[in-house]
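File shown here: coords27.cif, holding mmCIF, C-alpha atoms.
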```
data_input
loop_
_atom_site.label_atom_id
_atom_site.label_comp_id
_atom_site.auth_asym_id
_atom_site.auth_seq_id
_atom_site.Cartn_x
_atom_site.Cartn_y
_atom_site.Cartn_z
CA MET A 1 0.00 0.00 0.00
CA THR A 2 1.36 3.44 -1.01
CA PHE A 3 0.12 6.71 0.46
CA LEU A 4 -1.18 8.94 -2.36
CA GLY A 5 -2.17 11.98 -0.35
CA GLU A 6 -5.02 13.64 1.49
CA GLY A 7 -7.50 16.39 0.83
CA TRP A 8 -9.93 18.31 2.99
CA ASP A 9 -12.21 15.32 3.30
CA SER A 10 -10.37 12.03 2.78
CA THR A 11 -7.05 10.23 2.57
CA ALA A 12 -6.03 8.07 -0.39
CA ASP A 13 -3.76 5.03 -0.68
CA LEU A 14 -2.68 3.12 -3.78
CA VAL A 15 -3.10 -0.65 -3.39
CA GLY A 16 -1.39 -3.11 -5.72
CA GLY A 17 -0.52 -0.35 -8.15
CA ARG A 18 -4.09 -0.38 -9.48
CA TRP A 19 -6.65 0.43 -6.78
CA VAL A 20 -7.20 3.64 -4.84
CA GLU A 21 -8.61 3.28 -1.34
CA ARG A 22 -10.13 6.35 0.29
CA ARG A 23 -10.99 6.86 3.94
CA PRO A 24 -12.90 9.81 5.44
CA ARG A 25 -10.90 12.20 7.59
CA ARG A 26 -13.99 13.17 9.57
CA ALA A 27 -17.15 11.29 10.50
CA GLU A 28 -19.44 13.59 8.52
CA ILE A 29 -17.60 12.74 5.28
CA GLY A 30 -18.62 9.06 5.46
CA PRO A 31 -22.06 9.60 3.89
CA GLN A 32 -20.43 11.62 1.12
CA LEU A 33 -18.15 8.72 0.16
CA VAL A 34 -21.07 6.29 0.28
CA ARG A 35 -23.07 8.62 -1.95
CA GLU A 36 -20.25 8.60 -4.52
CA SER A 37 -20.45 4.80 -4.57
CA VAL A 38 -24.13 5.11 -5.54
CA VAL A 39 -23.96 8.03 -7.98
CA MET A 40 -20.73 7.41 -9.90
CA PRO A 41 -21.67 4.00 -11.40
CA TRP A 42 -24.67 5.75 -12.98
CA LEU A 43 -22.79 8.89 -14.00
CA ALA A 44 -19.53 7.44 -15.36
CA PRO A 45 -20.99 5.90 -18.56
CA LEU A 46 -22.52 9.26 -19.47
CA LEU A 47 -19.14 11.05 -19.50
CA PRO A 48 -16.46 11.06 -22.24
CA LEU A 49 -13.47 10.82 -19.86
CA PRO A 50 -12.61 8.25 -17.19
CA VAL A 51 -13.75 9.11 -13.65
CA PRO A 52 -13.53 7.23 -10.33
CA VAL A 53 -16.28 4.66 -9.74
CA PRO A 54 -15.91 3.77 -6.05
CA VAL A 55 -17.25 0.69 -4.30
CA VAL A 56 -17.65 0.34 -0.53
CA VAL A 57 -15.27 -2.42 0.60
CA SER A 58 -15.58 -1.83 4.36
CA ARG A 59 -18.32 -0.25 6.42
CA GLU A 60 -16.50 -0.05 9.74
CA PRO A 61 -14.13 1.61 9.34
CA LEU A 62 -15.47 3.02 6.08
CA VAL A 63 -13.26 2.39 3.05
CA VAL A 64 -14.19 2.90 -0.60
CA ARG A 65 -12.10 1.59 -3.48
CA HIS A 66 -11.93 2.48 -7.15
CA GLU A 67 -9.63 1.74 -10.03
CA LEU A 68 -6.82 4.27 -10.44
CA VAL A 69 -7.68 6.92 -13.01
CA PRO A 70 -4.58 7.25 -15.22
CA GLY A 71 -2.63 10.44 -15.70
CA ASP A 72 -0.99 13.23 -13.76
CA GLU A 73 -1.88 16.76 -12.71
CA LEU A 74 -1.53 19.03 -15.72
CA ALA A 75 1.74 20.92 -16.06
CA THR A 76 0.80 22.54 -19.38
CA LEU A 77 -2.51 23.14 -21.13
CA ASN A 78 -3.29 23.08 -24.84
CA ALA A 79 -6.23 23.39 -27.24
CA VAL A 80 -6.79 19.63 -27.51
CA GLN A 81 -7.21 19.40 -23.75
CA GLY A 82 -9.50 22.42 -23.75
CA ARG A 83 -11.76 20.79 -26.32
CA GLN A 84 -11.79 17.56 -24.30
CA LEU A 85 -12.74 19.34 -21.08
CA GLY A 86 -15.41 21.36 -22.88
CA GLU A 87 -16.97 18.14 -24.17
CA PHE A 88 -16.73 16.60 -20.71
CA LEU A 89 -18.49 19.54 -19.04
CA LEU A 90 -21.12 19.67 -21.78
CA ALA A 91 -21.95 16.03 -21.09
CA LEU A 92 -21.88 16.43 -17.30
CA HIS A 93 -24.11 19.49 -17.35
CA ALA A 94 -26.62 17.74 -19.62
CA VAL A 95 -27.32 14.73 -17.37
CA PRO A 96 -30.83 14.46 -15.92
CA VAL A 97 -30.85 16.36 -12.65
CA GLU A 98 -33.92 14.51 -11.42
CA GLU A 99 -32.11 11.16 -11.55
CA ALA A 100 -29.07 12.60 -9.77
CA VAL A 101 -31.32 13.90 -6.99
CA ARG A 102 -33.05 10.51 -6.76
CA LEU A 103 -29.62 8.93 -6.21
CA GLY A 104 -28.85 11.29 -3.36
CA VAL A 105 -27.21 14.35 -4.91
CA GLY A 106 -28.28 17.53 -3.14
CA SER A 107 -28.50 21.14 -4.25
CA MET A 108 -25.98 23.68 -3.07
CA PRO A 109 -26.81 27.34 -3.63
CA LEU A 110 -23.89 29.53 -2.70
CA PRO A 111 -24.22 30.60 0.96
CA VAL A 112 -23.73 34.25 0.14
CA GLU A 113 -24.80 35.61 3.52
CA ARG A 114 -22.35 33.37 5.38
CA PHE A 115 -19.58 34.26 2.92
CA CYS A 116 -20.21 37.94 3.65
CA ASP A 117 -19.84 37.29 7.38
CA GLU A 118 -16.85 34.94 7.27
CA VAL A 119 -14.68 35.76 4.26
CA ARG A 120 -12.42 38.75 3.91
CA VAL A 121 -11.20 38.91 0.30
CA PRO A 122 -10.44 42.19 -1.53
CA GLY A 123 -13.43 42.97 -3.73
CA GLY A 124 -15.38 40.14 -2.12
CA GLU A 125 -18.55 42.10 -1.33
CA GLU A 126 -18.93 43.28 -4.93
CA LEU A 127 -18.34 39.77 -6.23
CA LEU A 128 -20.82 38.22 -3.80
CA ALA A 129 -23.47 40.71 -4.84
CA ARG A 130 -22.99 39.59 -8.46
CA ILE A 131 -23.31 35.86 -7.75
CA ASP A 132 -26.21 36.02 -5.30
CA GLY A 133 -29.25 34.29 -6.76
CA LEU A 134 -27.50 32.33 -9.52
CA PRO A 135 -29.53 29.35 -10.82
CA VAL A 136 -29.41 25.96 -9.10
CA ASP A 137 -30.43 23.67 -11.97
CA THR A 138 -27.37 21.75 -13.22
CA LEU A 139 -25.31 18.78 -12.01
CA VAL A 140 -21.81 20.18 -11.43
CA HIS A 141 -18.45 18.77 -10.35
CA GLY A 142 -18.20 21.58 -7.82
CA ASP A 143 -14.41 21.72 -7.41
CA LEU A 144 -12.98 21.66 -10.92
CA GLY A 145 -9.39 22.86 -11.05
CA PRO A 146 -5.98 21.75 -12.30
CA GLU A 147 -5.49 19.35 -9.40
CA HIS A 148 -8.57 17.36 -10.41
CA VAL A 149 -8.04 17.18 -14.18
CA LEU A 150 -5.51 14.55 -15.24
CA GLY A 151 -3.55 14.20 -18.45
CA ARG A 152 -0.64 12.55 -20.21
CA ASP A 153 1.17 13.10 -23.52
CA GLY A 154 -0.79 16.26 -24.31
CA VAL A 155 -4.30 14.85 -23.84
CA LEU A 156 -6.69 14.51 -20.90
CA THR A 157 -6.99 11.08 -19.33
CA GLY A 158 -9.56 11.64 -16.60
CA VAL A 159 -11.29 13.83 -14.03
CA ILE A 160 -11.22 12.98 -10.32
CA ASP A 161 -12.58 14.02 -6.91
CA PHE A 162 -16.36 14.17 -7.15
CA GLY A 163 -16.88 14.74 -3.45
CA ASP A 164 -18.42 18.16 -4.10
CA LEU A 165 -20.77 16.94 -6.84
CA HIS A 166 -24.05 18.80 -6.46
CA VAL A 167 -26.91 20.52 -8.22
CA GLY A 168 -25.94 24.14 -8.68
CA ASP A 169 -24.93 26.73 -11.27
CA ALA A 170 -22.89 25.56 -14.28
CA ALA A 171 -20.66 28.62 -13.99
CA ILE A 172 -18.88 27.12 -10.97
CA ASP A 173 -17.32 24.47 -13.26
CA LEU A 174 -16.37 27.01 -15.92
CA ALA A 175 -14.71 29.60 -13.70
CA TRP A 176 -11.18 28.15 -13.59
CA ALA A 177 -11.38 26.64 -17.07
CA LEU A 178 -12.24 29.91 -18.80
CA ASN A 179 -10.45 32.46 -16.62
CA SER A 180 -7.28 30.88 -15.23
CA THR A 181 -6.00 28.91 -18.22
CA PRO A 182 -4.04 29.77 -21.39
CA ARG A 183 -6.02 31.44 -24.17
CA GLU A 184 -5.80 28.48 -26.56
CA PHE A 185 -7.17 26.11 -23.89
CA ALA A 186 -9.99 28.46 -22.85
CA ASP A 187 -11.01 29.25 -26.45
CA ALA A 188 -11.13 25.56 -27.38
CA LEU A 189 -13.17 24.77 -24.28
CA ALA A 190 -15.60 27.61 -24.96
CA SER A 191 -16.06 26.43 -28.55
CA ALA A 192 -16.68 22.80 -27.55
CA TYR A 193 -19.00 23.72 -24.69
CA GLY A 194 -20.85 26.39 -26.64
CA VAL A 195 -20.10 29.37 -24.42
CA THR A 196 -21.58 32.51 -25.96
CA ASP A 197 -20.37 36.04 -25.26
CA ALA A 198 -23.35 36.54 -22.97
CA ALA A 199 -22.77 33.27 -21.15
CA GLY A 200 -19.07 34.01 -20.93
CA ALA A 201 -19.83 37.26 -19.16
CA GLY A 202 -21.75 35.26 -16.60
CA VAL A 203 -18.85 32.93 -15.79
CA ASP A 204 -16.16 35.51 -15.14
CA LEU A 205 -16.15 34.17 -11.60
CA ALA A 206 -12.56 33.03 -11.09
CA PRO A 207 -12.37 34.97 -7.78
CA ALA A 208 -15.36 32.94 -6.57
CA ARG A 209 -13.08 29.94 -6.15
CA THR A 210 -10.93 32.02 -3.80
CA VAL A 211 -13.99 33.07 -1.82
CA ALA A 212 -15.34 29.53 -1.63
CA ARG A 213 -12.00 27.99 -0.66
CA SER A 214 -11.51 30.63 2.02
CA ALA A 215 -14.90 29.78 3.49
CA VAL A 216 -14.10 26.06 3.49
CA ARG A 217 -10.75 26.61 5.20
CA GLN A 218 -12.34 28.77 7.91
CA ARG A 219 -15.09 26.18 8.45
CA HIS A 220 -12.54 23.38 9.03
CA ARG A 221 -10.27 25.25 11.43
#
```

Write the structure described by the file as structure tokens, please.
Amino acid sequence: MTFLGEGWDSTADLVGGRWVERRPRRAEIGPQLVRESVVMPWLAPLLPLPVPVPVVVSREPLVVRHELVPGDELATLNAVQGRQLGEFLLALHAVPVEEAVRLGVGSMPLPVERFCDEVRVPGGEELLARIDGLPVDTLVHGDLGPEHVLGRDGVLTGVIDFGDLHVGDAAIDLAWALNSTPREFADALASAYGVTDAAGAGVDLAPARTVARSAVRQRHR
């Protein structure tokens, strides 16, 4: 068994060079991992890139296992990868929300009032005023960034970490991809996804990731 790392919610170990075993870091994360084991077998076949499909292998203590998704964190980004991610997000955002909810996925409107009270980010109040009341009608990854998009040899090989999967606003998945990536990657993604000028104006929310991450860090202190 090889230690792979840990995030806010779980630790990960590589077993036999093929399987990833994840364990919750806190008791309240257990139901989240179990939910992934229910939702991901349904969702994975609907997506054009490999994703983790966990199975519960132990209830006490809770352990879920899935096959290792190939690839590494992206060091460089190109147009081919941008097109791939655009197609991935287009497929993800088109899945039937009703079925996701039936399988246990909840909605997650941005807690703007709490952000206002807890987060101190330059320009934060203006940003929060802009994102208050955004639609909650799309299945989203919820934490899409370079650490969760894998690639190798210039192409994407998978997307990982669906712990924040929820029904929310599609813009949350487009923020990093359109605003914090090279132009060729962002343009290819926008073309594949079908981002219009009007829609693009609505996803200029890269600072929202800073606000959200700050709130999460303060909550877990």

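Across A:Phe88, A:Trp19, A:Trp42, A:Trp176, the tightest approach to Val64 in chain A is made by A:Trp19 when counting only C-alpha atoms.
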
Using only C-alpha atoms, which protein or nucleic acid residues come within 9 Å of His148 in chain A? Drop anything in the same chain fewer than 4 positions from it, and give the result as a PyMOL selection string. chain A and resi 73-74+143-144+158-161

For Leu46 in chain A, list every protein, DNA or RNA residue within 8 Å, evaluated using all atoms listed in the file, and leave out those in the same chain fewer than 5 positions away; present the list as a VMD selection string. chain A and resid 91 to 92 95

Figure out the distance between CA of Pro48 in chain A and CA of Gly82 in chain A, please, to one decimal in Å. 13.4 Å

Could you work out how far CA of Val34 in chain A lies from CA of Pro54 in chain A, giving the answer in Å with one decimal? 8.5 Å

Selection in question (the file shown): the PyMOL selection byres ((chain A and resi 184-192) around 10). Which residues does it include, as a ChimeraX atom specification? /A:76-90,174,176-183,193-197,199-200

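Note that CA of Val136 in chain A and CA of Ala170 in chain A are 8.3 Å apart.
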
Quick one: which residues end up in the PyMOL selection byres ((chain A and resi 58-60) around 12) for this structure, as an mmCIF file with C-alpha atoms, in the coordinates of the input?
```
data_model
loop_
_atom_site.group_PDB
_atom_site.id
_atom_site.type_symbol
_atom_site.label_atom_id
_atom_site.label_comp_id
_atom_site.auth_asym_id
_atom_site.auth_seq_id
_atom_site.Cartn_x
_atom_site.Cartn_y
_atom_site.Cartn_z
ATOM 1 C CA GLU A 21 -8.610 3.280 -1.340
ATOM 2 C CA ARG A 22 -10.130 6.350 0.290
ATOM 3 C CA ARG A 23 -10.990 6.860 3.940
ATOM 4 C CA PRO A 24 -12.900 9.810 5.440
ATOM 5 C CA ALA A 27 -17.150 11.290 10.500
ATOM 6 C CA GLY A 30 -18.620 9.060 5.460
ATOM 7 C CA PRO A 31 -22.060 9.600 3.890
ATOM 8 C CA LEU A 33 -18.150 8.720 0.160
ATOM 9 C CA VAL A 34 -21.070 6.290 0.280
ATOM 10 C CA PRO A 54 -15.910 3.770 -6.050
ATOM 11 C CA VAL A 55 -17.250 0.690 -4.300
ATOM 12 C CA VAL A 56 -17.650 0.340 -0.530
ATOM 13 C CA VAL A 57 -15.270 -2.420 0.600
ATOM 14 C CA PRO A 61 -14.130 1.610 9.340
ATOM 15 C CA LEU A 62 -15.470 3.020 6.080
ATOM 16 C CA VAL A 63 -13.260 2.390 3.050
ATOM 17 C CA VAL A 64 -14.190 2.900 -0.600
ATOM 18 C CA ARG A 65 -12.100 1.590 -3.480
#
```

Using the chain letters and numbers from the file, which residues does the PyMOL selection byres ((chain A and resi 107) around 7) grab, as a list in words? Val105, Gly106, Met108, Pro109, Val136, His166, Val167 and Gly168 of chain A

For Gly142 in chain A, work out the shell of residues within 7 Å, counting all atoms listed in the file and skipping chain neighbours fewer than 3 positions away, then give it as a PyMOL selection string. chain A and resi 164-166+172-173

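Here the question is which of A:Asp169, A:Asp9, A:Val20, A:Leu47 gets nearest to Gln32 in chain A using all atoms listed in the file, and that residue is A:Asp9.
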
Would you kindly place N, CA and C atoms on range 32-63 of chain A and return the model as a compact mmCIF listing (two decimals), keeping the file's coordinate frame?
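Result written to out-v5.txt:
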```
# COMPACT_ATOMS: atom_id res chain seq x y z
N GLN A 32 -20.83 11.08 2.41
CA GLN A 32 -20.43 11.62 1.12
C GLN A 32 -19.74 10.55 0.28
N LEU A 33 -18.83 9.79 0.89
CA LEU A 33 -18.15 8.72 0.16
C LEU A 33 -19.12 7.62 -0.25
N VAL A 34 -20.06 7.30 0.63
CA VAL A 34 -21.07 6.29 0.28
C VAL A 34 -21.93 6.79 -0.87
N ARG A 35 -22.27 8.06 -0.86
CA ARG A 35 -23.07 8.62 -1.95
C ARG A 35 -22.33 8.50 -3.28
N GLU A 36 -21.03 8.76 -3.29
CA GLU A 36 -20.25 8.60 -4.52
C GLU A 36 -20.35 7.18 -5.05
N SER A 37 -20.37 6.20 -4.14
CA SER A 37 -20.45 4.80 -4.57
C SER A 37 -21.80 4.48 -5.20
N VAL A 38 -22.81 5.28 -4.94
CA VAL A 38 -24.13 5.11 -5.54
C VAL A 38 -24.26 5.90 -6.84
N VAL A 39 -23.75 7.13 -6.85
CA VAL A 39 -23.96 8.03 -7.98
C VAL A 39 -23.00 7.74 -9.13
N MET A 40 -21.73 7.48 -8.83
CA MET A 40 -20.73 7.41 -9.90
C MET A 40 -20.93 6.23 -10.86
N PRO A 41 -21.40 5.05 -10.41
CA PRO A 41 -21.67 4.00 -11.40
C PRO A 41 -22.72 4.40 -12.43
N TRP A 42 -23.67 5.23 -12.03
CA TRP A 42 -24.67 5.75 -12.98
C TRP A 42 -24.08 6.84 -13.86
N LEU A 43 -23.27 7.72 -13.27
CA LEU A 43 -22.79 8.89 -14.00
C LEU A 43 -21.64 8.56 -14.96
N ALA A 44 -20.74 7.69 -14.58
CA ALA A 44 -19.53 7.44 -15.36
C ALA A 44 -19.80 7.10 -16.83
N PRO A 45 -20.77 6.22 -17.14
CA PRO A 45 -20.99 5.90 -18.56
C PRO A 45 -21.51 7.06 -19.40
N LEU A 46 -21.98 8.11 -18.75
CA LEU A 46 -22.52 9.26 -19.47
C LEU A 46 -21.44 10.29 -19.81
N LEU A 47 -20.21 10.06 -19.35
CA LEU A 47 -19.14 11.05 -19.50
C LEU A 47 -18.07 10.55 -20.46
N PRO A 48 -17.44 11.47 -21.21
CA PRO A 48 -16.46 11.06 -22.24
C PRO A 48 -15.04 10.85 -21.73
N LEU A 49 -14.79 11.06 -20.43
CA LEU A 49 -13.47 10.82 -19.86
C LEU A 49 -13.61 9.89 -18.65
N PRO A 50 -12.56 9.11 -18.37
CA PRO A 50 -12.61 8.25 -17.19
C PRO A 50 -12.76 9.06 -15.90
N VAL A 51 -13.54 8.50 -14.97
CA VAL A 51 -13.75 9.11 -13.65
C VAL A 51 -13.73 7.98 -12.63
N PRO A 52 -13.49 8.29 -11.35
CA PRO A 52 -13.53 7.23 -10.33
C PRO A 52 -14.94 6.66 -10.18
N VAL A 53 -15.01 5.33 -10.01
CA VAL A 53 -16.28 4.66 -9.74
C VAL A 53 -16.07 3.84 -8.46
N PRO A 54 -16.24 4.45 -7.30
CA PRO A 54 -15.91 3.77 -6.05
C PRO A 54 -16.94 2.72 -5.64
N VAL A 55 -16.44 1.74 -4.90
CA VAL A 55 -17.25 0.69 -4.30
C VAL A 55 -16.90 0.62 -2.82
N VAL A 56 -17.90 0.48 -1.97
CA VAL A 56 -17.65 0.34 -0.53
C VAL A 56 -17.09 -1.06 -0.28
N VAL A 57 -15.88 -1.12 0.29
CA VAL A 57 -15.27 -2.42 0.60
C VAL A 57 -15.23 -2.69 2.10
N SER A 58 -15.50 -1.66 2.91
CA SER A 58 -15.58 -1.83 4.36
C SER A 58 -16.51 -0.78 4.92
N ARG A 59 -17.39 -1.19 5.81
CA ARG A 59 -18.32 -0.25 6.42
C ARG A 59 -17.78 0.31 7.73
N GLU A 60 -17.01 -0.49 8.44
CA GLU A 60 -16.50 -0.05 9.74
C GLU A 60 -15.09 -0.61 9.94
N PRO A 61 -14.06 0.21 9.76
CA PRO A 61 -14.13 1.61 9.34
C PRO A 61 -14.47 1.71 7.86
N LEU A 62 -15.04 2.85 7.47
CA LEU A 62 -15.47 3.02 6.08
C LEU A 62 -14.27 3.14 5.15
N VAL A 63 -14.27 2.33 4.11
CA VAL A 63 -13.26 2.39 3.05
C VAL A 63 -13.97 2.21 1.72
```
